[in-house]
Every structure is written in structure tokens, then in C-alpha cells.
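Structure data follow from input12.cif (mmCIF, C-alpha atoms and all ligand atoms):
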```cif
data_upload
loop_
_atom_site.label_atom_id
_atom_site.label_comp_id
_atom_site.auth_asym_id
_atom_site.auth_seq_id
_atom_site.Cartn_x
_atom_site.Cartn_y
_atom_site.Cartn_z
CA MET A 1 8.20 11.38 25.76
CA ASP A 2 8.38 7.68 26.72
CA SER A 3 5.72 6.26 24.41
CA ILE A 4 3.94 7.29 21.24
CA LYS A 5 1.04 5.92 19.21
CA ILE A 6 1.23 5.78 15.44
CA PHE A 7 -1.45 5.37 12.76
CA SER A 8 0.10 3.70 9.73
CA PRO A 9 -2.17 3.60 6.70
CA SER A 10 -3.08 1.02 4.07
CA SER A 11 -2.40 1.76 0.41
CA VAL A 12 -3.20 0.68 -3.13
CA ALA A 13 -0.14 -0.11 -5.25
CA ASN A 14 0.20 -0.32 -9.05
CA LEU A 15 -3.02 1.60 -9.92
CA SER A 16 -3.49 -0.77 -12.86
CA CYS A 17 -0.90 0.52 -15.31
CA GLY A 18 1.90 1.44 -12.87
CA PHE A 19 3.32 -1.89 -11.67
CA ASP A 20 5.83 -1.14 -8.89
CA ILE A 21 5.86 2.59 -9.66
CA LEU A 22 2.48 4.05 -8.58
CA GLY A 23 0.56 3.95 -5.34
CA LEU A 24 -1.98 5.84 -3.28
CA CYS A 25 -2.62 6.14 0.44
CA LEU A 26 -5.97 5.19 2.01
CA GLU A 27 -7.73 6.83 4.94
CA THR A 28 -9.98 4.02 6.01
CA ILE A 29 -7.81 1.24 7.41
CA CYS A 30 -4.68 1.83 9.47
CA ASP A 31 -2.44 -0.27 11.68
CA GLU A 32 -1.94 1.12 15.15
CA MET A 33 1.49 0.87 16.71
CA ILE A 34 2.84 1.89 20.09
CA ILE A 35 6.55 2.60 20.24
CA LYS A 36 7.98 2.81 23.76
CA LYS A 37 11.25 3.49 25.49
CA SER A 38 12.34 0.59 27.66
CA ASN A 39 14.85 0.04 30.47
CA THR A 40 16.02 -3.10 28.68
CA PRO A 41 18.57 -2.13 26.01
CA GLY A 42 18.01 -3.16 22.39
CA LEU A 43 14.97 -3.51 20.14
CA ARG A 44 12.00 -5.79 20.90
CA ILE A 45 8.58 -6.49 19.49
CA SER A 46 6.66 -6.93 22.72
CA LYS A 47 3.09 -7.47 21.49
CA ILE A 48 1.22 -8.19 18.27
CA GLU A 49 -2.57 -8.11 18.22
CA GLY A 50 -4.93 -8.88 15.36
CA GLU A 51 -2.74 -11.44 13.58
CA GLU A 52 -0.29 -14.25 14.20
CA LEU A 53 3.03 -12.80 13.04
CA PRO A 54 6.62 -13.51 14.03
CA MET A 55 7.83 -11.61 17.11
CA SER A 56 11.49 -12.06 16.17
CA ILE A 57 13.12 -8.89 14.84
CA GLU A 58 14.72 -10.63 11.84
CA LYS A 59 11.45 -12.21 10.66
CA ASN A 60 9.03 -9.33 11.16
CA VAL A 61 8.88 -6.52 8.57
CA ALA A 62 8.51 -3.88 11.31
CA GLY A 63 11.49 -5.43 13.13
CA VAL A 64 13.70 -5.50 10.03
CA ALA A 65 12.79 -1.92 9.13
CA ALA A 66 13.38 -0.71 12.71
CA LYS A 67 16.72 -2.52 12.91
CA SER A 68 17.83 -1.05 9.59
CA TYR A 69 17.08 2.45 10.96
CA LEU A 70 18.80 1.78 14.31
CA ASP A 71 21.88 0.31 12.62
CA MET A 72 22.33 3.63 10.83
CA TYR A 73 21.24 5.85 13.75
CA PRO A 74 22.13 3.88 16.90
CA THR A 75 20.82 4.68 20.38
CA ASP A 76 21.48 3.42 23.92
CA ILE A 77 17.77 3.65 24.67
CA GLY A 78 15.86 0.36 24.65
CA ILE A 79 12.88 0.30 22.27
CA GLU A 80 9.71 -1.80 22.33
CA ILE A 81 7.20 -2.05 19.52
CA GLU A 82 3.55 -3.06 19.97
CA ILE A 83 1.58 -3.69 16.80
CA ASN A 84 -2.18 -3.78 16.48
CA LYS A 85 -2.61 -5.21 12.96
CA LYS A 86 -5.82 -3.99 11.41
CA ILE A 87 -4.59 -4.41 7.83
CA LYS A 88 -4.57 -8.14 7.13
CA SER A 89 -1.38 -9.69 5.76
CA GLY A 90 -1.69 -10.89 2.19
CA SER A 91 -4.75 -8.70 1.54
CA GLY A 92 -3.17 -6.53 -1.18
CA ILE A 93 -3.55 -3.18 0.57
CA GLY A 94 -0.05 -2.66 1.85
CA SER A 95 -0.08 -4.49 5.17
CA SER A 96 3.67 -5.06 5.31
CA ALA A 97 4.40 -1.51 4.15
CA ALA A 98 2.23 -0.10 6.95
CA SER A 99 4.18 -2.10 9.55
CA ALA A 100 7.55 -1.13 8.10
CA VAL A 101 6.68 2.56 7.73
CA GLY A 102 5.05 2.75 11.17
CA ALA A 103 8.06 1.24 12.92
CA VAL A 104 10.64 3.54 11.31
CA PHE A 105 8.52 6.69 11.56
CA GLY A 106 7.57 5.86 15.15
CA ILE A 107 11.12 5.30 16.37
CA ASN A 108 12.27 8.48 14.67
CA GLU A 109 9.50 10.44 16.43
CA LEU A 110 10.10 8.75 19.80
CA LEU A 111 13.81 9.58 19.71
CA GLU A 112 12.93 13.12 18.55
CA ARG A 113 15.37 12.92 15.70
CA LYS A 114 14.80 15.53 13.05
CA LEU A 115 15.14 13.25 10.03
CA LYS A 116 12.84 13.95 7.11
CA LYS A 117 10.48 11.30 5.76
CA ILE A 118 12.66 10.85 2.68
CA ASP A 119 15.55 9.87 5.01
CA LEU A 120 13.40 7.14 6.53
CA ILE A 121 12.23 5.46 3.36
CA SER A 122 15.20 3.20 2.62
CA HIS A 123 14.78 1.54 6.05
CA ALA A 124 11.08 0.93 5.48
CA ILE A 125 11.92 -0.56 2.06
CA ASN A 126 14.40 -2.92 3.76
CA GLY A 127 11.51 -4.19 5.90
CA GLU A 128 9.15 -4.53 2.93
CA LYS A 129 11.77 -6.59 1.10
CA ILE A 130 11.32 -9.56 3.43
CA ALA A 131 7.60 -9.72 2.60
CA SER A 132 7.87 -9.45 -1.16
CA GLY A 133 11.38 -10.70 -1.89
CA GLU A 134 12.25 -7.52 -3.82
CA ALA A 135 12.63 -3.82 -3.09
CA HIS A 136 9.57 -1.92 -4.26
CA ALA A 137 8.20 1.27 -2.75
CA ASP A 138 4.75 1.62 -4.30
CA ASN A 139 3.07 0.90 -0.94
CA ILE A 140 5.87 2.31 1.23
CA ALA A 141 5.99 5.76 -0.41
CA PRO A 142 2.25 6.51 -0.23
CA ALA A 143 2.01 5.11 3.33
CA LEU A 144 4.89 7.36 4.39
CA PHE A 145 4.15 10.56 2.47
CA GLY A 146 0.39 10.27 1.87
CA GLY A 147 -1.34 11.10 -1.41
CA LEU A 148 -0.25 9.58 -4.69
CA SER A 149 3.37 8.63 -5.35
CA LEU A 150 5.39 7.90 -8.46
CA ILE A 151 8.52 5.87 -7.83
CA ARG A 152 10.67 6.78 -10.81
CA ASP A 153 13.64 4.88 -9.43
CA VAL A 154 13.65 2.83 -6.26
CA LYS A 155 17.46 2.55 -6.12
CA THR A 156 18.13 6.28 -6.07
CA LEU A 157 14.84 6.96 -4.23
CA ASP A 158 13.66 9.28 -6.98
CA ILE A 159 10.09 9.60 -5.72
CA ILE A 160 7.61 12.19 -6.95
CA ARG A 161 4.45 13.27 -5.17
CA LEU A 162 1.62 13.51 -7.69
CA PRO A 163 -1.40 15.81 -7.48
CA VAL A 164 -4.60 14.30 -6.07
CA PRO A 165 -7.75 15.47 -7.86
CA SER A 166 -10.17 16.37 -5.09
CA GLU A 167 -13.11 14.19 -6.13
CA LEU A 168 -11.18 10.92 -6.34
CA THR A 169 -12.74 8.27 -4.10
CA VAL A 170 -11.62 4.67 -3.68
CA THR A 171 -13.77 1.57 -3.21
CA ILE A 172 -11.93 -1.58 -2.11
CA ILE A 173 -13.20 -5.11 -1.82
CA HIS A 174 -11.06 -7.57 0.11
CA PRO A 175 -12.17 -11.14 -0.62
CA LYS A 176 -10.81 -13.00 2.38
CA LEU A 177 -8.10 -15.04 0.74
CA VAL A 178 -4.40 -14.67 1.37
CA ILE A 179 -2.10 -13.91 -1.55
CA ASN A 180 1.54 -13.85 -0.67
CA THR A 181 3.21 -10.99 -2.57
CA SER A 182 6.46 -12.88 -3.19
CA HIS A 183 4.50 -15.79 -4.76
CA ALA A 184 2.38 -13.40 -6.82
CA ARG A 185 5.60 -11.81 -8.11
CA GLU A 186 7.31 -15.11 -8.90
CA ALA A 187 4.28 -16.15 -10.98
CA LEU A 188 4.64 -13.19 -13.36
CA SER A 189 5.96 -13.66 -16.85
CA LYS A 190 9.41 -12.07 -17.24
CA GLN A 191 8.91 -11.08 -20.88
CA VAL A 192 6.61 -8.29 -22.07
CA PRO A 193 5.50 -8.09 -25.72
CA LEU A 194 6.43 -4.78 -27.30
CA LYS A 195 2.81 -3.91 -28.16
CA ASN A 196 1.79 -4.33 -24.50
CA MET A 197 4.72 -2.21 -23.37
CA ILE A 198 3.60 0.57 -25.71
CA LYS A 199 0.02 0.50 -24.40
CA GLN A 200 1.16 0.33 -20.78
CA THR A 201 3.56 3.27 -21.02
CA ALA A 202 0.91 5.29 -22.87
CA ASN A 203 -1.54 4.58 -20.05
CA ILE A 204 0.97 5.57 -17.36
CA ALA A 205 1.65 8.83 -19.19
CA GLY A 206 -2.11 9.33 -19.64
CA LEU A 207 -2.85 8.67 -15.98
CA ILE A 208 -0.18 11.06 -14.74
CA SER A 209 -1.27 13.74 -17.20
CA GLY A 210 -4.88 13.19 -16.08
CA LEU A 211 -3.86 13.72 -12.44
CA PHE A 212 -2.04 16.96 -13.27
CA LEU A 213 -4.84 18.22 -15.52
CA GLU A 214 -7.60 16.99 -13.18
CA ASP A 215 -9.06 15.37 -16.28
CA TYR A 216 -11.20 12.51 -14.97
CA ASP A 217 -11.99 11.16 -18.45
CA LEU A 218 -8.29 10.86 -19.22
CA ILE A 219 -7.71 9.20 -15.83
CA SER A 220 -10.52 6.77 -16.68
CA ARG A 221 -9.17 5.93 -20.16
CA SER A 222 -5.73 5.31 -18.68
CA LEU A 223 -6.63 2.96 -15.81
CA ASN A 224 -5.82 -0.22 -17.73
CA ASP A 225 -3.25 -2.91 -17.17
CA GLU A 226 -1.89 -4.63 -20.28
CA ILE A 227 0.78 -6.67 -18.51
CA ILE A 228 0.08 -7.95 -15.00
CA GLU A 229 -3.70 -8.36 -14.74
CA LYS A 230 -3.88 -11.35 -17.06
CA ASP A 231 -1.71 -13.55 -14.80
CA ARG A 232 -2.85 -12.28 -11.44
CA SER A 233 -6.58 -12.27 -12.20
CA LEU A 234 -6.39 -16.08 -12.14
CA LEU A 235 -5.79 -15.89 -8.37
CA ILE A 236 -8.95 -13.84 -7.63
CA PRO A 237 -12.33 -15.59 -7.88
CA GLU A 238 -14.72 -13.77 -10.27
CA TYR A 239 -12.19 -10.97 -10.80
CA PHE A 240 -13.56 -9.92 -14.20
CA LYS A 241 -17.14 -9.96 -12.88
CA LEU A 242 -16.07 -7.71 -10.00
CA LYS A 243 -14.42 -5.39 -12.50
CA SER A 244 -17.46 -5.29 -14.79
CA ALA A 245 -19.74 -4.60 -11.81
CA ALA A 246 -17.55 -1.65 -10.79
CA LEU A 247 -17.41 -0.19 -14.29
CA GLU A 248 -21.19 -0.63 -14.76
CA SER A 249 -21.67 1.22 -11.45
CA GLY A 250 -19.76 4.24 -12.76
CA ALA A 251 -16.14 3.53 -11.76
CA LEU A 252 -13.48 5.51 -13.59
CA GLY A 253 -11.42 2.33 -13.52
CA CYS A 254 -11.00 -0.88 -11.59
CA GLY A 255 -8.10 -3.26 -11.08
CA ILE A 256 -6.17 -5.49 -8.73
CA SER A 257 -4.90 -3.68 -5.64
CA GLY A 258 -1.20 -4.47 -5.32
CA SER A 259 -0.76 -8.22 -5.70
CA GLY A 260 -4.40 -8.87 -4.69
CA PRO A 261 -6.74 -10.37 -3.70
CA SER A 262 -8.20 -6.92 -2.97
CA VAL A 263 -9.72 -5.16 -5.95
CA TYR A 264 -9.90 -1.37 -6.08
CA ALA A 265 -12.04 1.04 -8.09
CA LEU A 266 -11.73 4.81 -8.43
CA SER A 267 -14.72 7.08 -8.78
CA ARG A 268 -15.67 10.74 -8.50
CA SER A 269 -18.03 10.70 -5.53
CA LYS A 270 -19.08 8.87 -2.40
CA ILE A 271 -22.43 8.03 -4.03
CA THR A 272 -20.72 6.32 -6.97
CA ALA A 273 -18.27 4.66 -4.59
CA GLU A 274 -21.26 3.23 -2.70
CA SER A 275 -22.88 1.91 -5.92
CA ILE A 276 -19.55 0.25 -6.78
CA ALA A 277 -19.50 -1.30 -3.30
CA ALA A 278 -23.02 -2.67 -3.92
CA GLY A 279 -21.90 -4.01 -7.32
CA PHE A 280 -18.87 -5.71 -5.75
CA LYS A 281 -21.09 -7.19 -3.05
CA SER A 282 -23.60 -8.67 -5.50
CA VAL A 283 -20.76 -10.52 -7.27
CA ILE A 284 -18.82 -11.69 -4.22
CA LEU A 285 -21.89 -12.99 -2.38
CA LYS A 286 -22.26 -15.63 -5.09
CA THR A 287 -18.75 -16.97 -4.38
CA GLY A 288 -19.49 -17.76 -0.73
CA LEU A 289 -16.23 -16.04 0.27
CA ASP A 290 -16.07 -13.78 3.30
CA PHE A 291 -15.16 -10.22 2.38
CA ASP A 292 -14.72 -6.66 3.61
CA ILE A 293 -15.57 -3.56 1.63
CA TYR A 294 -14.14 -0.12 2.30
CA ILE A 295 -14.74 3.33 0.85
CA SER A 296 -12.02 5.88 1.33
CA LYS A 297 -10.83 9.25 0.16
CA ILE A 298 -7.13 9.51 -0.59
CA ASN A 299 -5.22 10.12 2.63
CA LEU A 300 -3.02 13.16 2.04
CA ASP A 301 -0.99 12.89 5.26
CA GLY A 302 0.33 9.33 5.36
CA VAL A 303 1.67 7.86 8.59
CA LYS A 304 1.13 10.04 11.63
CA LYS A 305 1.52 10.31 15.37
CA ILE A 306 -1.71 10.50 17.36
N1 LIG B 1 3.93 -3.65 -6.88
C1 LIG B 1 3.81 -4.71 -5.94
C2 LIG B 1 3.29 -5.95 -6.65
C3 LIG B 1 2.85 -4.30 -4.84
O1 LIG B 1 2.30 -5.80 -7.37
O2 LIG B 1 3.87 -7.01 -6.52
C4 LIG B 1 2.59 -5.36 -3.82
O3 LIG B 1 1.63 -4.88 -2.92
#
```

Taking this structure as input, can you express it in the form of C-alpha cells?
Ligand code: HSE
Amino acid sequence: MDSIKIFSPSSVANLSCGFDILGLCLETICDEMIIKKSNTPGLRISKIEGEELPMSIEKNVAGVAAKSYLDMYPTDIGIEIEINKKIKSGSGIGSSAASAVGAVFGINELLERKLKKIDLISHAINGEKIASGEAHADNIAPALFGGLSLIRDVKTLDIIRLPVPSELTVTIIHPKLVINTSHAREALSKQVPLKNMIKQTANIAGLISGLFLEDYDLISRSLNDEIIEKDRSLLIPEYFKLKSAALESGALGCGISGSGPSVYALSRSKITAESIAAGFKSVILKTGLDFDIYISKINLDGVKKI
């Protein structure tokens, strides 16, 4: 095998109440990557389509992740990475995580090493770190494993795969602005009032119980963010109108996807997901911003070879 093609999926991090600890994997938008063996020794990014991104290994999240993997598991074989970016950087749906995960998974497949996905994750996190300034795995874990992930502890990689109730459907609107994750993190208040902490932890517990019990009403009651939304909503034009439109259209919940500007809503069917999309559209059209809207089931597989 001299070359393989990888689909590396987008993801929604935080899921309202679970800042840095919850994320889900999307089916609809994926980066495509080709990982090739080369006669020239070493690691190279040979082509990037779809976006202007650095080609240098040290400045590109895929490059940093790939290098981290190859430093631990060296090879004499030269490796080239081609990236077709379909997930826009700074869109809030795990663009950097998709690149980092795709690179590490792809090289591991190309070299036919038998490492498990859990053995790959720390290298993908090393790549993600250069985009967000901090190690967080709430896009990386779902993009790698698929489904819904709980990151109980990013240092010890204590990551739990959560059940995915079968009806859950995601609607995403991406207003075409760029929000840099590291800036969106720096802007957050470092102190959390006790009463907000209590509500937030209750919602996380409620959401996780709702997923296990397949109790959509409990999931709906729990999809609230008492801590982050207030600061980050300021960066998204008409955020609260988008949220109201989604809830009025039957969403179980609606919130900022990752660090934004994308906004996600969960619902129980494609029909409701489409009404939410129409609600989002009616609000965003008034802003004059360009936008994309996606509807997706939860992707249970994560990154894969095609
Ligand atoms: N949990 C991260 C944040 C996700 O909200 O900053 C970034 O996509």
C-alpha cells in the first residue's frame, strides 16, 4: 500500500453544558486527506486545497500531530500528506481536530501499524494544541472514535464513549465569520460563580443520564450553558435569535458549536432538523452574512479509510 485516502469528520464540541469535556461526531462534512509513501525521506505536507494554510510541519496542525506520532514511532519511509480542507478553519466544527486526527490515523494505517485509536489520541491532541493554545480533546475524541465522547480527564486520556440515542439529529448553521479558538478561549472569564457551577454540573449529569436512558425530555432540559454562552454569544451576530428560532422549531436544545461561530441544535427527526434549518435561515438572512447549513446524524465511526 503506497497511498491511502482518509475521511476525517467534523464535530460539535461542548454540547452546551460540557465545556471541553463533551463532543459529538458529524457525518455531513469531512476533510479528505491522502497520505502517501515517498522516496524522499522525512515528513512533508505536499498539497493543501480548499484553504490557505501553512505547509510547514511545525505550523500546521496535521504536521505537528504527524510529527508527534513519528517521533514516538519512527520510520525510514518518507511520508507526504495532501489535505483537501472541506471544514473551514475557525468555523467551530472541529476543523483543526479533523486535520490532526486524519494525519495521525492515516499514517498509522499507511504504515500498517496495529496501534489502537486510543494510542493515537495524544498525538492528535498535540496537533490541536497549536490551534487552540491548550490541550482539549472534545473535538479530537469524537472525530477519532465517532459517536459521543466524554473526556473525563485529558491528561490521563480517561475518555468514555457515551450511548447515542438513535433519533438524535443535528442541525448546524455556520455564519461565515472566523473565530479563532485561542482568542475565544482567552476571552473567557476565569472565575465561575458557585451557583452557575451547580447548575452546569447538574446539566452535565442530566445530559449524560438522558443519553443512557434515551430520555429525550431530560436531554432537552439539560442542554443549557450557564458559564460560557454569555461571553461567547457576543461574537455571533443574532445568536439569541438563532437559538430562539431553533427552539421554536422544535429543537431539544441549541447552543454554540465549540468556540463558534457555528450554532448547533439537536432534534429527534430529519423533519424537525429541517424546520430548525429554515428557522436559522430566516434569522441569518437578515444579517446579510453568508452562511452554510448542514443536517447530520451522529457519525458512529469517526475517521476512516476509504
Ligand atoms: N472546548 C473547546 C472550546 C472547543 O470551546 O474552546 C473548541 O472547538

Give me the residues of chain A that have any atom at most 6 Å from an atom of ligand LIG 1 (chain B); for each, the nearest atom pair and the distance in Å, rounded to one decimal. Use only C-alpha atoms and all ligand atoms, sort by chain and number, and format it as a tab-separated table.
```
residue	atom	partner	partner_atom	distance
A:Ala13	CA	B:LIG1	C3	5.2
A:Asn14	CA	B:LIG1	N1	5.5
A:Phe19	CA	B:LIG1	N1	5.1
A:Asp20	CA	B:LIG1	N1	3.7
A:Gly92	CA	B:LIG1	O3	5.4
A:Gly94	CA	B:LIG1	O3	5.5
A:Asp138	CA	B:LIG1	N1	5.9
A:Thr181	CA	B:LIG1	O2	5.6
A:Arg185	CA	B:LIG1	O2	5.3
A:Gly258	CA	B:LIG1	O3	3.7
A:Ser259	CA	B:LIG1	O1	4.2
```

Next, the residues of the selection above should be written as a tab-separated table (two decimals), keeping the file's coordinate frame with C-alpha atoms.
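Generated file (out_30.tsv):
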```
chain	number	residue	atom	x	y	z
A	13	ALA	CA	-0.14	-0.11	-5.25
A	14	ASN	CA	0.20	-0.32	-9.05
A	19	PHE	CA	3.32	-1.89	-11.67
A	20	ASP	CA	5.83	-1.14	-8.89
A	92	GLY	CA	-3.17	-6.53	-1.18
A	94	GLY	CA	-0.05	-2.66	1.85
A	138	ASP	CA	4.75	1.62	-4.30
A	181	THR	CA	3.21	-10.99	-2.57
A	185	ARG	CA	5.60	-11.81	-8.11
A	258	GLY	CA	-1.20	-4.47	-5.32
A	259	SER	CA	-0.76	-8.22	-5.70
```

Region 235-250 of chain A: which residues within 7 Å, counting only C-alpha atoms, same-chain residues fewer than 6 positions away excluded, as a PDB file with C-alpha atoms, in the frame of the given file?
```
ATOM      1  CA  PRO A 261      -6.740 -10.370  -3.700  1.00  0.00           C
ATOM      2  CA  ALA A 265     -12.040   1.040  -8.090  1.00  0.00           C
ATOM      3  CA  THR A 272     -20.720   6.320  -6.970  1.00  0.00           C
ATOM      4  CA  SER A 275     -22.880   1.910  -5.920  1.00  0.00           C
ATOM      5  CA  ILE A 276     -19.550   0.250  -6.780  1.00  0.00           C
ATOM      6  CA  GLY A 279     -21.900  -4.010  -7.320  1.00  0.00           C
ATOM      7  CA  PHE A 280     -18.870  -5.710  -5.750  1.00  0.00           C
ATOM      8  CA  VAL A 283     -20.760 -10.520  -7.270  1.00  0.00           C
TER       9      VAL A 283
END
```

Legend entry - Selection: 9 Å around region 215-229 of chain A, all atoms listed in the file, excl. self and same-chain fewer than 2 positions, as an NGL selection string: :A and (15-19 or 165 or 168 or 188-189 or 192-193 or 196-197 or 199-200 or 202-213 or 231-234 or 251-256 or 266-268)

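Taking CA of Glu82 (chain A) as the reference point, CA of Glu32 (chain A) is found at 8.4 Å.
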
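Of the listed residues A:Met33, A:Leu289, A:Leu300, A:Ile306, the one whose atoms come nearest to Val178 (chain A) is A:Leu289, with distances taken using all atoms listed in the file.
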
Box centre and edge lengths (Å, one decimal), axis-aligned, region 169-187 of chain A plus 8 Å each side, as AutoDock Vina command-line options:
```
--center_x -3.2 --center_y -3.9 --center_z -4.3 --size_x 37.1 --size_y 40.4 --size_z 29.4
```

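Note that the spacing between CA of Tyr294 (chain A) and CA of Phe145 (chain A) amounts to 21.2 Å.
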
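Between CA of Ala98 (chain A) and CA of Asn299 (chain A) the interatomic distance comes to 13.4 Å.
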
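Those residues that approach region 21-25 of chain A to within 7 Å, counting only C-alpha atoms, are Pro9, Ser10, Ser11, Val12, Ala13, Asn14, Leu15, Gly18, Asp138, Asn139, Pro142, Ala143, Gly146, Gly147, Leu148, Ser149, Leu150, Ile151, Arg152, Ile298, Asn299 and Gly302 of chain A; same-chain residues fewer than 3 positions away are not listed.
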
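By all atoms listed in the file, and with residues fewer than 4 positions from Ser68 (chain A) along its chain excluded, the set lying at most 12 Å from it is Leu43, Ile57, Glu58, Val61, Ala62, Gly63, Val64, Met72, Tyr73, Pro74, Ala100, Val101, Ala103, Val104, Ile107, Leu120, Ile121, Ser122, His123, Ala124, Ile125, Asn126, Gly127, Glu128 and Lys129 of chain A.
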
Would you kindly identify which residues have an atom no farther than 9 Å from (2.2, -11.5, 3.8), using all atoms listed in the file and the file's own coordinates, and write them out as a PyMOL selection string? chain A and resi 88-92+95-96+131-132+178-182

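In this comparison, which uses all atoms listed in the file, the residue of A:Ser166, A:Ser282, A:Ala273, A:Gly133 approaching Glu186 (chain A) most closely is A:Gly133.
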
Using only C-alpha atoms, the residue out of A:Met55, A:Ile293, A:Val263, A:Cys30 with shortest distance to Ala277 (chain A) is A:Ile293

Among A:Glu134, A:Glu27, A:Asp292, A:Glu80, Gly42 (chain A) is approached most closely, using only C-alpha atoms, by A:Glu80

Residue completion, region 62-77 of chain A, N, CA and C atoms, as a CSV table (one decimal), in the coordinates of the input:
```
chain,number,residue,atom,x,y,z
A,62,ALA,N,8.3,-5.1,10.5
A,62,ALA,CA,8.5,-3.9,11.3
A,62,ALA,C,9.9,-4.0,12.0
A,63,GLY,N,10.2,-5.2,12.4
A,63,GLY,CA,11.5,-5.4,13.1
A,63,GLY,C,12.7,-5.2,12.2
A,64,VAL,N,12.6,-5.7,11.0
A,64,VAL,CA,13.7,-5.5,10.0
A,64,VAL,C,13.9,-4.0,9.7
A,65,ALA,N,12.7,-3.3,9.5
A,65,ALA,CA,12.8,-1.9,9.1
A,65,ALA,C,13.4,-1.1,10.3
A,66,ALA,N,12.9,-1.4,11.5
A,66,ALA,CA,13.4,-0.7,12.7
A,66,ALA,C,14.9,-1.0,12.9
A,67,LYS,N,15.3,-2.2,12.7
A,67,LYS,CA,16.7,-2.5,12.9
A,67,LYS,C,17.6,-1.8,11.9
A,68,SER,N,17.1,-1.7,10.6
A,68,SER,CA,17.8,-1.0,9.6
A,68,SER,C,18.1,0.4,10.0
A,69,TYR,N,17.0,1.0,10.5
A,69,TYR,CA,17.1,2.4,11.0
A,69,TYR,C,18.1,2.6,12.1
A,70,LEU,N,18.0,1.7,13.1
A,70,LEU,CA,18.8,1.8,14.3
A,70,LEU,C,20.3,1.4,14.0
A,71,ASP,N,20.5,0.6,13.0
A,71,ASP,CA,21.9,0.3,12.6
A,71,ASP,C,22.5,1.6,12.1
A,72,MET,N,21.8,2.4,11.4
A,72,MET,CA,22.3,3.6,10.8
A,72,MET,C,22.4,4.7,11.9
A,73,TYR,N,21.3,4.8,12.7
A,73,TYR,CA,21.2,5.8,13.8
A,73,TYR,C,21.1,5.2,15.1
A,74,PRO,N,22.2,4.7,15.7
A,74,PRO,CA,22.1,3.9,16.9
A,74,PRO,C,21.7,4.7,18.1
A,75,THR,N,21.2,4.0,19.1
A,75,THR,CA,20.8,4.7,20.4
A,75,THR,C,21.1,3.7,21.5
A,76,ASP,N,21.3,4.3,22.7
A,76,ASP,CA,21.5,3.4,23.9
A,76,ASP,C,20.1,3.1,24.5
A,77,ILE,N,19.1,3.8,24.1
A,77,ILE,CA,17.8,3.6,24.7
A,77,ILE,C,17.1,2.3,24.2
```
